[in-house]
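Chemist: There's a structure below that I have some questions on.
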Amino acid sequence: MLWIERLWRPSSAARRLERYPPFRCMRVRVIDLATDWRSVSLLLPLHANRNPGGGMFGGAMACLADPVAALACNRVFPGHRVWTRDLRLDFRHESRSDMTLRFELRVEQERGIAQELACRGRSTP
């Protein structure tokens with residue numbers, strides 16, 4: 001079996017997410033992934049993403065955060081084109097340990113998005 005076939009053979013959504021090329025390079029691990037994608041927890045290890053000063057690369061944090069909301073909304077709102085339109089990170093201090101990203105699509109957020117999609121055909125929450 002070719003390595004590419006092994007990489008993409010049928011597996012759980014969590015394993016496929018870990019194999020997403022940028023995540024694979026950063027050695028991201030899925031801590032929790034709800035079957036409906038309404039909550040996601042990912043671990044970004046420091047050892048694979050350490051800058052020369054010993055802290056976490058800011059670009060690694062941004063790369064981790066960028067696709068998660070879009071992937072979740074793509075599952076929750078099928079049939080719509082979804083992308084990250086704006087990403088802002090406020091680095092208050094450097095990280096010197098593993099980091100965990102926790103994403104949750106709350107019921108009130110989902111209702112608001114669904115309402116905007118029904119009225120305007122688009123939503124930018």
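If you're wondering about the labels, chains in the structure tokens are A, B, ... by order shown, residues count from 1 in each chain, ligands from 1 in order shown.
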Please report, as a ChimeraX atom specification, each residue of chain A to which DSSP assigns helix (DSSP H, G or I) when run on this structure's backbone.

Modeler: /A:3-8,13-18,21-26,58-65,68-76,107-120

Chemist: Write out as a PDB file with N, CA, C and O atoms, in the first residue's frame which residues come within 12 Å of Cys73 of chain A when counting only C-alpha atoms, dropping same-chain ones fewer than 4 positions away.

Modeler:
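As a result, out.pdb now contains:
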ATOM      1  N   ASP A  36     -21.029  15.912  15.998  1.00  0.00           N
ATOM      2  CA  ASP A  36     -21.698  16.971  15.237  1.00  0.00           C
ATOM      3  C   ASP A  36     -20.806  18.200  15.023  1.00  0.00           C
ATOM      4  O   ASP A  36     -21.236  19.195  14.477  1.00  0.00           O
ATOM      5  N   TRP A  37     -19.560  18.148  15.480  1.00  0.00           N
ATOM      6  CA  TRP A  37     -18.561  19.208  15.334  1.00  0.00           C
ATOM      7  C   TRP A  37     -18.922  20.490  16.087  1.00  0.00           C
ATOM      8  O   TRP A  37     -18.339  21.525  15.856  1.00  0.00           O
ATOM      9  N   ARG A  38     -19.841  20.433  17.025  1.00  0.00           N
ATOM     10  CA  ARG A  38     -20.203  21.638  17.764  1.00  0.00           C
ATOM     11  C   ARG A  38     -19.224  21.944  18.897  1.00  0.00           C
ATOM     12  O   ARG A  38     -19.256  23.017  19.466  1.00  0.00           O
ATOM     13  N   SER A  39     -18.368  21.004  19.207  1.00  0.00           N
ATOM     14  CA  SER A  39     -17.280  21.281  20.144  1.00  0.00           C
ATOM     15  C   SER A  39     -16.037  20.512  19.709  1.00  0.00           C
ATOM     16  O   SER A  39     -16.128  19.356  19.289  1.00  0.00           O
ATOM     17  N   VAL A  40     -14.915  21.217  19.784  1.00  0.00           N
ATOM     18  CA  VAL A  40     -13.631  20.673  19.342  1.00  0.00           C
ATOM     19  C   VAL A  40     -12.564  21.112  20.333  1.00  0.00           C
ATOM     20  O   VAL A  40     -12.539  22.276  20.738  1.00  0.00           O
ATOM     21  N   PRO A  67      -8.654  27.133  10.664  1.00  0.00           N
ATOM     22  CA  PRO A  67      -9.690  26.355   9.980  1.00  0.00           C
ATOM     23  C   PRO A  67     -10.789  25.777  10.868  1.00  0.00           C
ATOM     24  O   PRO A  67     -11.789  25.286  10.347  1.00  0.00           O
ATOM     25  N   VAL A  68     -10.655  25.822  12.172  1.00  0.00           N
ATOM     26  CA  VAL A  68     -11.554  25.068  13.050  1.00  0.00           C
ATOM     27  C   VAL A  68     -13.004  25.540  12.952  1.00  0.00           C
ATOM     28  O   VAL A  68     -13.916  24.729  12.752  1.00  0.00           O
ATOM     29  N   ALA A  69     -13.266  26.821  13.090  1.00  0.00           N
ATOM     30  CA  ALA A  69     -14.648  27.317  13.021  1.00  0.00           C
ATOM     31  C   ALA A  69     -15.260  27.057  11.643  1.00  0.00           C
ATOM     32  O   ALA A  69     -16.431  26.675  11.536  1.00  0.00           O
ATOM     33  N   PHE A  77     -23.815  23.541   8.898  1.00  0.00           N
ATOM     34  CA  PHE A  77     -24.605  24.215   7.862  1.00  0.00           C
ATOM     35  C   PHE A  77     -24.197  23.702   6.482  1.00  0.00           C
ATOM     36  O   PHE A  77     -23.586  24.433   5.689  1.00  0.00           O
ATOM     37  N   PRO A  78     -24.528  22.452   6.156  1.00  0.00           N
ATOM     38  CA  PRO A  78     -24.110  21.902   4.857  1.00  0.00           C
ATOM     39  C   PRO A  78     -24.750  22.661   3.702  1.00  0.00           C
ATOM     40  O   PRO A  78     -25.823  23.245   3.842  1.00  0.00           O
ATOM     41  N   GLY A  79     -24.060  22.662   2.582  1.00  0.00           N
ATOM     42  CA  GLY A  79     -24.580  23.331   1.397  1.00  0.00           C
ATOM     43  C   GLY A  79     -24.160  24.783   1.274  1.00  0.00           C
ATOM     44  O   GLY A  79     -24.509  25.454   0.305  1.00  0.00           O
ATOM     45  N   HIS A  80     -23.425  25.292   2.244  1.00  0.00           N
ATOM     46  CA  HIS A  80     -22.942  26.673   2.202  1.00  0.00           C
ATOM     47  C   HIS A  80     -21.430  26.664   2.038  1.00  0.00           C
ATOM     48  O   HIS A  80     -20.748  25.767   2.518  1.00  0.00           O
ATOM     49  N   ARG A  81     -20.904  27.662   1.360  1.00  0.00           N
ATOM     50  CA  ARG A  81     -19.452  27.811   1.271  1.00  0.00           C
ATOM     51  C   ARG A  81     -19.002  28.535   2.533  1.00  0.00           C
ATOM     52  O   ARG A  81     -19.537  29.579   2.879  1.00  0.00           O
ATOM     53  N   VAL A  82     -18.014  27.969   3.194  1.00  0.00           N
ATOM     54  CA  VAL A  82     -17.582  28.487   4.493  1.00  0.00           C
ATOM     55  C   VAL A  82     -16.082  28.732   4.465  1.00  0.00           C
ATOM     56  O   VAL A  82     -15.322  27.906   3.966  1.00  0.00           O
ATOM     57  N   TRP A  83     -15.659  29.873   5.005  1.00  0.00           N
ATOM     58  CA  TRP A  83     -14.236  30.154   5.151  1.00  0.00           C
ATOM     59  C   TRP A  83     -14.039  31.110   6.315  1.00  0.00           C
ATOM     60  O   TRP A  83     -14.975  31.731   6.799  1.00  0.00           O
ATOM     61  N   THR A  84     -12.813  31.205   6.749  1.00  0.00           N
ATOM     62  CA  THR A  84     -12.474  32.145   7.811  1.00  0.00           C
ATOM     63  C   THR A  84     -12.254  33.497   7.164  1.00  0.00           C
ATOM     64  O   THR A  84     -11.360  33.665   6.344  1.00  0.00           O
ATOM     65  N   PHE A 103     -12.971  24.988  20.985  1.00  0.00           N
ATOM     66  CA  PHE A 103     -13.982  25.653  20.166  1.00  0.00           C
ATOM     67  C   PHE A 103     -15.338  25.082  20.538  1.00  0.00           C
ATOM     68  O   PHE A 103     -15.487  23.876  20.707  1.00  0.00           O
ATOM     69  N   GLU A 104     -16.315  25.970  20.674  1.00  0.00           N
ATOM     70  CA  GLU A 104     -17.676  25.520  20.956  1.00  0.00           C
ATOM     71  C   GLU A 104     -18.645  26.410  20.196  1.00  0.00           C
ATOM     72  O   GLU A 104     -18.568  27.642  20.271  1.00  0.00           O
ATOM     73  N   LEU A 105     -19.529  25.781  19.440  1.00  0.00           N
ATOM     74  CA  LEU A 105     -20.593  26.505  18.750  1.00  0.00           C
ATOM     75  C   LEU A 105     -21.824  26.424  19.648  1.00  0.00           C
ATOM     76  O   LEU A 105     -22.452  25.372  19.769  1.00  0.00           O
ATOM     77  N   ARG A 106     -22.118  27.527  20.320  1.00  0.00           N
ATOM     78  CA  ARG A 106     -23.237  27.554  21.258  1.00  0.00           C
ATOM     79  C   ARG A 106     -24.573  27.619  20.511  1.00  0.00           C
ATOM     80  O   ARG A 106     -24.647  28.095  19.378  1.00  0.00           O
ATOM     81  N   GLN A 109     -25.545  31.021  19.181  1.00  0.00           N
ATOM     82  CA  GLN A 109     -24.749  31.395  18.003  1.00  0.00           C
ATOM     83  C   GLN A 109     -25.277  30.674  16.766  1.00  0.00           C
ATOM     84  O   GLN A 109     -25.417  31.285  15.703  1.00  0.00           O
ATOM     85  N   GLU A 110     -25.550  29.390  16.928  1.00  0.00           N
ATOM     86  CA  GLU A 110     -26.048  28.602  15.801  1.00  0.00           C
ATOM     87  C   GLU A 110     -27.385  29.149  15.302  1.00  0.00           C
ATOM     88  O   GLU A 110     -27.607  29.271  14.096  1.00  0.00           O
ATOM     89  N   ILE A 113     -26.756  32.410  13.349  1.00  0.00           N
ATOM     90  CA  ILE A 113     -26.187  32.136  12.030  1.00  0.00           C
ATOM     91  C   ILE A 113     -27.266  31.600  11.099  1.00  0.00           C
ATOM     92  O   ILE A 113     -27.397  32.054   9.955  1.00  0.00           O
ATOM     93  N   ALA A 114     -28.060  30.647  11.581  1.00  0.00           N
ATOM     94  CA  ALA A 114     -29.125  30.060  10.762  1.00  0.00           C
ATOM     95  C   ALA A 114     -30.128  31.122  10.335  1.00  0.00           C
ATOM     96  O   ALA A 114     -30.591  31.129   9.184  1.00  0.00           O
ATOM     97  N   LEU A 117     -28.535  33.277   7.635  1.00  0.00           N
ATOM     98  CA  LEU A 117     -28.477  32.518   6.381  1.00  0.00           C
ATOM     99  C   LEU A 117     -29.840  32.489   5.713  1.00  0.00           C
ATOM    100  O   LEU A 117     -29.944  32.632   4.485  1.00  0.00           O
ATOM    101  N   SER A 123     -23.720  34.900   6.442  1.00  0.00           N
ATOM    102  CA  SER A 123     -23.557  35.277   7.843  1.00  0.00           C
ATOM    103  C   SER A 123     -22.087  35.492   8.130  1.00  0.00           C
ATOM    104  O   SER A 123     -21.230  34.779   7.617  1.00  0.00           O
ATOM    105  N   THR A 124     -21.818  36.507   8.917  1.00  0.00           N
ATOM    106  CA  THR A 124     -20.447  36.771   9.351  1.00  0.00           C
ATOM    107  C   THR A 124     -20.468  36.973  10.866  1.00  0.00           C
ATOM    108  O   THR A 124     -20.467  38.099  11.338  1.00  0.00           O
ATOM    109  N   PRO A 125     -20.516  35.860  11.602  1.00  0.00           N
ATOM    110  CA  PRO A 125     -20.593  35.995  13.068  1.00  0.00           C
ATOM    111  C   PRO A 125     -19.280  36.458  13.669  1.00  0.00           C
ATOM    112  O   PRO A 125     -18.239  36.301  13.097  1.00  0.00           O
TER     113      PRO A 125
END

Chemist: Select, from A:Ser95, A:Ser12, A:Asn49, A:Gln115, the residue with the minimum atom-to-atom distance to Leu64 of chain A, counting only C-alpha atoms.

Modeler: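 Smallest separation from Leu64 of chain A among the options: A:Asn49.
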
Chemist: Using only C-alpha atoms, which residues sit within 10 Å of Leu89 of chain A once same-chain residues fewer than 4 positions away are excluded, as a ChimeraX atom specification?

Modeler: /A:58,61-62,65

Chemist: Deliver the residues from the most recent selection as a file, using N, CA and C atoms, as a compact mmCIF listing (two decimals), in the first residue's frame.

Modeler:
# COMPACT_ATOMS: atom_id res chain seq x y z
N GLY A 58 3.99 32.09 17.12
CA GLY A 58 2.66 32.67 16.97
C GLY A 58 1.96 32.17 15.72
N MET A 61 0.09 28.99 16.36
CA MET A 61 -1.19 29.21 17.03
C MET A 61 -2.24 29.69 16.04
N ALA A 62 -1.85 30.59 15.15
CA ALA A 62 -2.78 31.10 14.15
C ALA A 62 -3.19 29.99 13.18
N ALA A 65 -5.80 27.81 14.85
CA ALA A 65 -7.11 28.43 15.03
C ALA A 65 -7.85 28.67 13.71

Chemist: Using only C-alpha atoms, which residues sit within 8 Å of Asp98 of chain A once same-chain residues fewer than 5 positions away are excluded, as a PyMOL selection string?

Modeler: chain A and resi 43-47

Chemist: Export N, CA, C and O atoms of the chosen residues as a PDB file, in the first residue's frame?

Modeler:
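selection34.pdb written:
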ATOM      1  N   LEU A  43      -4.855  19.830  20.851  1.00  0.00           N
ATOM      2  CA  LEU A  43      -3.615  20.070  21.589  1.00  0.00           C
ATOM      3  C   LEU A  43      -2.511  20.447  20.611  1.00  0.00           C
ATOM      4  O   LEU A  43      -2.269  19.729  19.637  1.00  0.00           O
ATOM      5  N   LEU A  44      -1.870  21.566  20.853  1.00  0.00           N
ATOM      6  CA  LEU A  44      -0.727  22.026  20.065  1.00  0.00           C
ATOM      7  C   LEU A  44       0.514  21.893  20.946  1.00  0.00           C
ATOM      8  O   LEU A  44       0.698  22.653  21.894  1.00  0.00           O
ATOM      9  N   PRO A  45       1.360  20.889  20.664  1.00  0.00           N
ATOM     10  CA  PRO A  45       2.517  20.669  21.539  1.00  0.00           C
ATOM     11  C   PRO A  45       3.624  21.698  21.313  1.00  0.00           C
ATOM     12  O   PRO A  45       3.894  22.106  20.188  1.00  0.00           O
ATOM     13  N   LEU A  46       4.245  22.101  22.382  1.00  0.00           N
ATOM     14  CA  LEU A  46       5.338  23.074  22.292  1.00  0.00           C
ATOM     15  C   LEU A  46       6.548  22.489  21.576  1.00  0.00           C
ATOM     16  O   LEU A  46       7.142  23.152  20.739  1.00  0.00           O
ATOM     17  N   HIS A  47       6.904  21.233  21.866  1.00  0.00           N
ATOM     18  CA  HIS A  47       8.160  20.664  21.344  1.00  0.00           C
ATOM     19  C   HIS A  47       8.267  20.756  19.830  1.00  0.00           C
ATOM     20  O   HIS A  47       9.352  20.949  19.300  1.00  0.00           O
TER      21      HIS A  47
END

Chemist: Please identify all polymer residues within 10 Å of segment 13-25 of chain A, counting only C-alpha atoms, omitting same-chain residues fewer than 4 positions from it, and present them as a JSON list (two decimals) with N, CA and C atoms, in the first residue's frame.

Modeler:
[["chain", "number", "residue", "atom", "x", "y", "z"],
["A", 7, "LEU", "N", -2.34, 7.06, 4.45],
["A", 7, "LEU", "CA", -2.64, 8.34, 5.08],
["A", 7, "LEU", "C", -4.13, 8.64, 5.05],
["A", 8, "TRP", "N", -4.81, 8.35, 3.96],
["A", 8, "TRP", "CA", -6.21, 8.74, 3.78],
["A", 8, "TRP", "C", -7.18, 7.57, 3.86],
["A", 9, "ARG", "N", -6.74, 6.38, 4.28],
["A", 9, "ARG", "CA", -7.67, 5.27, 4.39],
["A", 9, "ARG", "C", -8.77, 5.62, 5.38],
["A", 29, "ARG", "N", -2.84, 17.16, 18.11],
["A", 29, "ARG", "CA", -3.60, 15.99, 18.54],
["A", 29, "ARG", "C", -5.02, 16.41, 18.89],
["A", 30, "VAL", "N", -5.97, 15.60, 18.52],
["A", 30, "VAL", "CA", -7.37, 15.85, 18.86],
["A", 30, "VAL", "C", -7.62, 15.31, 20.26],
["A", 31, "ILE", "N", -8.04, 16.19, 21.14],
["A", 31, "ILE", "CA", -8.40, 15.80, 22.50],
["A", 31, "ILE", "C", -9.86, 15.36, 22.51],
["A", 32, "ASP", "N", -10.72, 16.15, 21.86],
["A", 32, "ASP", "CA", -12.13, 15.84, 21.81],
["A", 32, "ASP", "C", -12.71, 16.43, 20.52],
["A", 33, "LEU", "N", -13.57, 15.65, 19.87],
["A", 33, "LEU", "CA", -14.25, 16.11, 18.67],
["A", 33, "LEU", "C", -15.66, 15.53, 18.71],
["A", 34, "ALA", "N", -16.64, 16.40, 18.94],
["A", 34, "ALA", "CA", -18.03, 15.95, 18.97],
["A", 34, "ALA", "C", -18.43, 15.45, 17.59],
["A", 35, "THR", "N", -19.28, 14.46, 17.55],
["A", 35, "THR", "CA", -19.68, 13.89, 16.25],
["A", 35, "THR", "C", -20.38, 14.93, 15.38],
["A", 37, "TRP", "N", -19.56, 18.15, 15.48],
["A", 37, "TRP", "CA", -18.56, 19.21, 15.33],
["A", 37, "TRP", "C", -18.92, 20.49, 16.09],
["A", 40, "VAL", "N", -14.92, 21.22, 19.78],
["A", 40, "VAL", "CA", -13.63, 20.67, 19.34],
["A", 40, "VAL", "C", -12.56, 21.11, 20.33],
["A", 42, "LEU", "N", -8.29, 20.76, 20.66],
["A", 42, "LEU", "CA", -7.06, 20.32, 20.01],
["A", 42, "LEU", "C", -5.86, 20.68, 20.87],
["A", 44, "LEU", "N", -1.87, 21.57, 20.85],
["A", 44, "LEU", "CA", -0.73, 22.03, 20.07],
["A", 44, "LEU", "C", 0.51, 21.89, 20.95],
["A", 48, "ALA", "N", 7.15, 20.66, 19.11],
["A", 48, "ALA", "CA", 7.20, 20.72, 17.64],
["A", 48, "ALA", "C", 7.07, 22.14, 17.12],
["A", 49, "ASN", "N", 6.77, 23.09, 17.97],
["A", 49, "ASN", "CA", 6.46, 24.46, 17.53],
["A", 49, "ASN", "C", 7.21, 25.51, 18.32],
["A", 60, "ALA", "N", 2.12, 29.22, 14.48],
["A", 60, "ALA", "CA", 1.56, 27.89, 14.76],
["A", 60, "ALA", "C", 0.20, 28.03, 15.44],
["A", 63, "CYS", "N", -2.25, 29.17, 12.78],
["A", 63, "CYS", "CA", -2.53, 28.06, 11.86],
["A", 63, "CYS", "C", -3.48, 27.06, 12.50],
["A", 64, "LEU", "N", -3.38, 26.86, 13.79],
["A", 64, "LEU", "CA", -4.27, 25.95, 14.49],
["A", 64, "LEU", "C", -5.68, 26.54, 14.54],
["A", 68, "VAL", "N", -10.65, 25.82, 12.17],
["A", 68, "VAL", "CA", -11.55, 25.07, 13.05],
["A", 68, "VAL", "C", -13.00, 25.54, 12.95],
["A", 71, "LEU", "N", -14.47, 24.62, 9.53],
["A", 71, "LEU", "CA", -14.75, 23.19, 9.41],
["A", 71, "LEU", "C", -16.01, 22.82, 10.17]]

Chemist: Enumerate, as a PyMOL selection string, the complete set of residues in chain A that a backbone-based DSSP assignment places in strand (DSSP E or B).

Modeler: chain A and resi 29-33+39-44+50+56+99-104

Chemist: Of the candidates A:Arg50, A:Met56, A:Met26, A:Ser41, which shows the shortest atom-to-atom distance to His93 of chain A, using only C-alpha atoms?

Modeler: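 Distance minimum relative to His93 of chain A lands on A:Met56.
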